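Q: Let me give you the structure first, and then I'll get to my questions.
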Amino acid sequence: MQKIVFNAHYLMYFDTAITDYWRALALPYEEAMAQLGGELYVKKASVEFHASARFDDRLAVALKCERIGNSSMVFTGAIFRGGELLITCELVYVFADPASQTSRPVPPGLRSLVGRFEAGESVLDIRLGDWAELGLAAERIRTAVFVEEQGIALESERDDADRSALHAVAFNALGQGVATGRLVSQGNASGRVGRLAVHRALRGGGIGRAVLDALVGAARQRGHREVMLNAQISAQGFYLCEGFVARGESFIEACILHREMSKLL
């Protein structure tokens, strides 16, 4: 046996990278395309082979939007093993009406967003405010994550603290709320972060970290010396990486195992 990657699999690797590209843009693909009024279809995919990847190789896949035409988007990509270039590709997508599958111009909002991203600019707008200002967007995200996805009862997810809390919501370039969290002051000494939720399609892309950083920064500005939170056990590793430490025993809250964690400011 050759013990090398089957050539057709490289297109799957690039297709996976495209999914990560939309995540890096903070776009939940299905919802974003529905708002943009179209869909992206592959028109052309070409691959050039320079060397073969072997089983068990660790590969890096790079992708960028090379140019945007009237209705087309051209991506170029490369696959590396260490510093060795193995594969290059060109992918041509056409923005089209999903019903008729006839092409239409790439929306200005998408064109602008891709340009900003490729230039290294931020694609998120994190806003801090009260419930009257941000409650509608925060509620939509929290309902999707905590109630619909995790099965938490609506009456357990809502509480009176929302009215006095400082809320953070991350909006993408289309104005869609994609992550949220809140800070509740507990006297002058400490604040409690809670209800941190990220759109399920965008987790792992740093959006949750950005929201948490905004809330911790707000706690520091308020003069708090400590920030506490009740972390779901599945998210404990995330908070450890952000400088929080666990304390006490784990406990059940809303039918989910939690652990209290804190961070000194």
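The chains in the structure tokens are called A, B, ... from first to last as shown; in each chain the residues are counted from 1, and the ligands are counted from 1 in the order shown.
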Pick out the residues sitting within 9 Å of stretch 188-197 of chain A, and hand them over as a PyMOL selection string; count only C-alpha atoms, and ignore anything fewer than 6 positions along from it in its own chain.
A: chain A and resi 138+141-142+145-146+157+178-182+208+211-212+215-216+219+222-231+262
Q: Write to file, as a compact mmCIF listing (two decimals), in the first residue's frame, the residues of the selection just made, with C-alpha atoms.
A:
# COMPACT_ATOMS: atom_id res chain seq x y z
CA ALA A 138 -29.12 38.51 25.15
CA ILE A 141 -28.92 33.81 22.63
CA ARG A 142 -29.55 32.49 26.13
CA VAL A 145 -28.22 27.84 24.32
CA PHE A 146 -29.61 27.20 27.80
CA GLU A 157 -32.79 30.58 33.28
CA VAL A 178 -23.76 35.71 18.70
CA ALA A 179 -22.63 35.64 22.36
CA THR A 180 -23.61 37.13 25.68
CA GLY A 181 -22.82 37.25 29.39
CA ARG A 182 -23.55 39.39 32.44
CA GLY A 208 -16.65 33.64 24.44
CA VAL A 211 -17.13 38.56 26.05
CA LEU A 212 -15.56 37.27 29.27
CA LEU A 215 -16.98 41.62 31.68
CA VAL A 216 -13.78 41.11 33.69
CA ALA A 219 -15.43 44.44 37.02
CA ARG A 222 -15.77 49.08 39.10
CA GLY A 223 -13.04 48.44 41.63
CA HIS A 224 -13.88 44.79 42.26
CA ARG A 225 -11.01 42.77 43.65
CA GLU A 226 -12.40 39.42 42.56
CA VAL A 227 -14.65 37.90 39.91
CA MET A 228 -16.54 34.70 40.63
CA LEU A 229 -18.68 32.40 38.51
CA ASN A 230 -20.35 29.02 38.57
CA ALA A 231 -18.82 27.10 35.67
CA SER A 262 -12.78 32.76 40.95
Q: I need the residues of stretch 58-142 of chain A that end up classed as strand (DSSP E) by DSSP on the backbone, written out as an MDAnalysis selection string.
A: chainID A and resid 60:68 72:81 84:96 125:129
Q: How would the residues just chosen look if you wrote them out with C-alpha atoms as an mmCIF file, in the first residue's frame?
A:
data_model
loop_
_atom_site.group_PDB
_atom_site.id
_atom_site.type_symbol
_atom_site.label_atom_id
_atom_site.label_comp_id
_atom_site.auth_asym_id
_atom_site.auth_seq_id
_atom_site.Cartn_x
_atom_site.Cartn_y
_atom_site.Cartn_z
ATOM 1 C CA ALA A 60 -1.964 22.729 8.639
ATOM 2 C CA VAL A 61 -4.610 24.021 6.217
ATOM 3 C CA ALA A 62 -4.446 27.690 5.220
ATOM 4 C CA LEU A 63 -7.159 29.557 3.349
ATOM 5 C CA LYS A 64 -7.777 33.127 2.229
ATOM 6 C CA CYS A 65 -10.256 34.999 0.071
ATOM 7 C CA GLU A 66 -8.170 36.095 -2.887
ATOM 8 C CA ARG A 67 -10.746 38.294 -4.606
ATOM 9 C CA ILE A 68 -14.456 39.023 -4.857
ATOM 10 C CA SER A 72 -18.169 35.219 -7.244
ATOM 11 C CA MET A 73 -15.731 34.700 -4.387
ATOM 12 C CA VAL A 74 -12.338 33.146 -5.108
ATOM 13 C CA PHE A 75 -10.465 31.390 -2.307
ATOM 14 C CA THR A 76 -6.915 30.099 -2.440
ATOM 15 C CA GLY A 77 -5.586 27.544 -0.010
ATOM 16 C CA ALA A 78 -2.569 25.481 0.897
ATOM 17 C CA ILE A 79 -1.829 22.421 3.008
ATOM 18 C CA PHE A 80 1.467 22.168 4.876
ATOM 19 C CA ARG A 81 3.309 19.494 6.795
ATOM 20 C CA GLU A 84 6.710 21.746 3.596
ATOM 21 C CA LEU A 85 4.082 22.757 1.045
ATOM 22 C CA LEU A 86 2.055 19.720 -0.020
ATOM 23 C CA ILE A 87 -1.084 20.932 -1.760
ATOM 24 C CA THR A 88 -2.477 24.184 -3.180
ATOM 25 C CA CYS A 89 -6.012 24.858 -4.355
ATOM 26 C CA GLU A 90 -8.369 27.393 -5.857
ATOM 27 C CA LEU A 91 -12.057 27.371 -4.950
ATOM 28 C CA VAL A 92 -14.562 29.521 -6.813
ATOM 29 C CA TYR A 93 -17.948 30.123 -5.167
ATOM 30 C CA VAL A 94 -20.924 31.891 -6.693
ATOM 31 C CA PHE A 95 -23.477 33.755 -4.587
ATOM 32 C CA ALA A 96 -26.896 32.759 -5.869
ATOM 33 C CA ASP A 125 -18.680 44.551 18.142
ATOM 34 C CA ILE A 126 -18.969 43.873 21.886
ATOM 35 C CA ARG A 127 -21.449 46.153 23.578
ATOM 36 C CA LEU A 128 -21.955 46.665 27.295
ATOM 37 C CA GLY A 129 -25.251 47.919 28.657
#
Q: Please, what distance in Å, to one decimal, runs between atom CA of A:Phe171 and atom CA of A:Thr143?
A: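 Distance reported for this atom pair: 16.5 Å.
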Q: Please return as JSON, numbers by chain: the residues of stretch 22-240 of chain A that backbone DSSP assigns to alpha helix (DSSP H).
A: {"A": [22, 23, 24, 29, 30, 31, 32, 33, 34, 35, 36, 108, 109, 110, 111, 112, 113, 114, 115, 116, 117, 118, 131, 132, 133, 134, 135, 136, 137, 138, 139, 140, 141, 142, 154, 155, 156, 157, 161, 162, 163, 164, 207, 208, 209, 210, 211, 212, 213, 214, 215, 216, 217, 218, 219, 220, 221, 236, 237, 238, 239, 240]}
Q: Mind checking which residues fall within 9 Å of A:Leu11, counting only C-alpha atoms, ignoring those fewer than 6 positions away in the same chain, and posting them as a ChimeraX atom specification?
A: /A:45-47,89
Q: Can you work out which one of A:Glu48, A:Glu242, A:Glu39, A:Glu118 has the shortest atom-to-atom distance to A:Tyr21, counting only C-alpha atoms?
A: A:Glu118
Q: Quick one: distance from atom CA of A:Leu27 to atom CA of A:Ile207 in Å, one decimal?
A: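 Between these atoms lies a distance of 11.3 Å.
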Q: Rounded to one decimal, what separation in Å do you get between atom CA of A:Leu25 and atom CA of A:Val123?
A: 6.2 Å
Q: Which polymer residues have any atom within 10 Å of an atom of A:Leu110, counting only C-alpha atoms, with same-chain residues fewer than 6 positions away left out, as a PyMOL selection string?
A: chain A and resi 25+32-33+36+116+173-174
Q: Rank A:Arg104, A:Arg220, A:Arg209, A:Arg140 by their smallest atom-to-atom distance to A:Leu40, using only C-alpha atoms, and report the top residue only.
A: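 Closest to A:Leu40, using only C-alpha atoms: A:Arg104.
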Q: Which residue gives the smallest distance to A:Ile233 among A:Gln35, A:Ala165, A:Ala137, A:Ile252, with only C-alpha atoms counted?
A: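 That would be A:Ile252, the residue with the smallest distance to A:Ile233.
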Q: Identify which of the residues A:Arg58, A:Lys44, A:His50, A:Arg111 lies closest to A:Asn70, counting only C-alpha atoms when measuring atom-to-atom distances.
A: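 Nearest to A:Asn70: A:Arg111.
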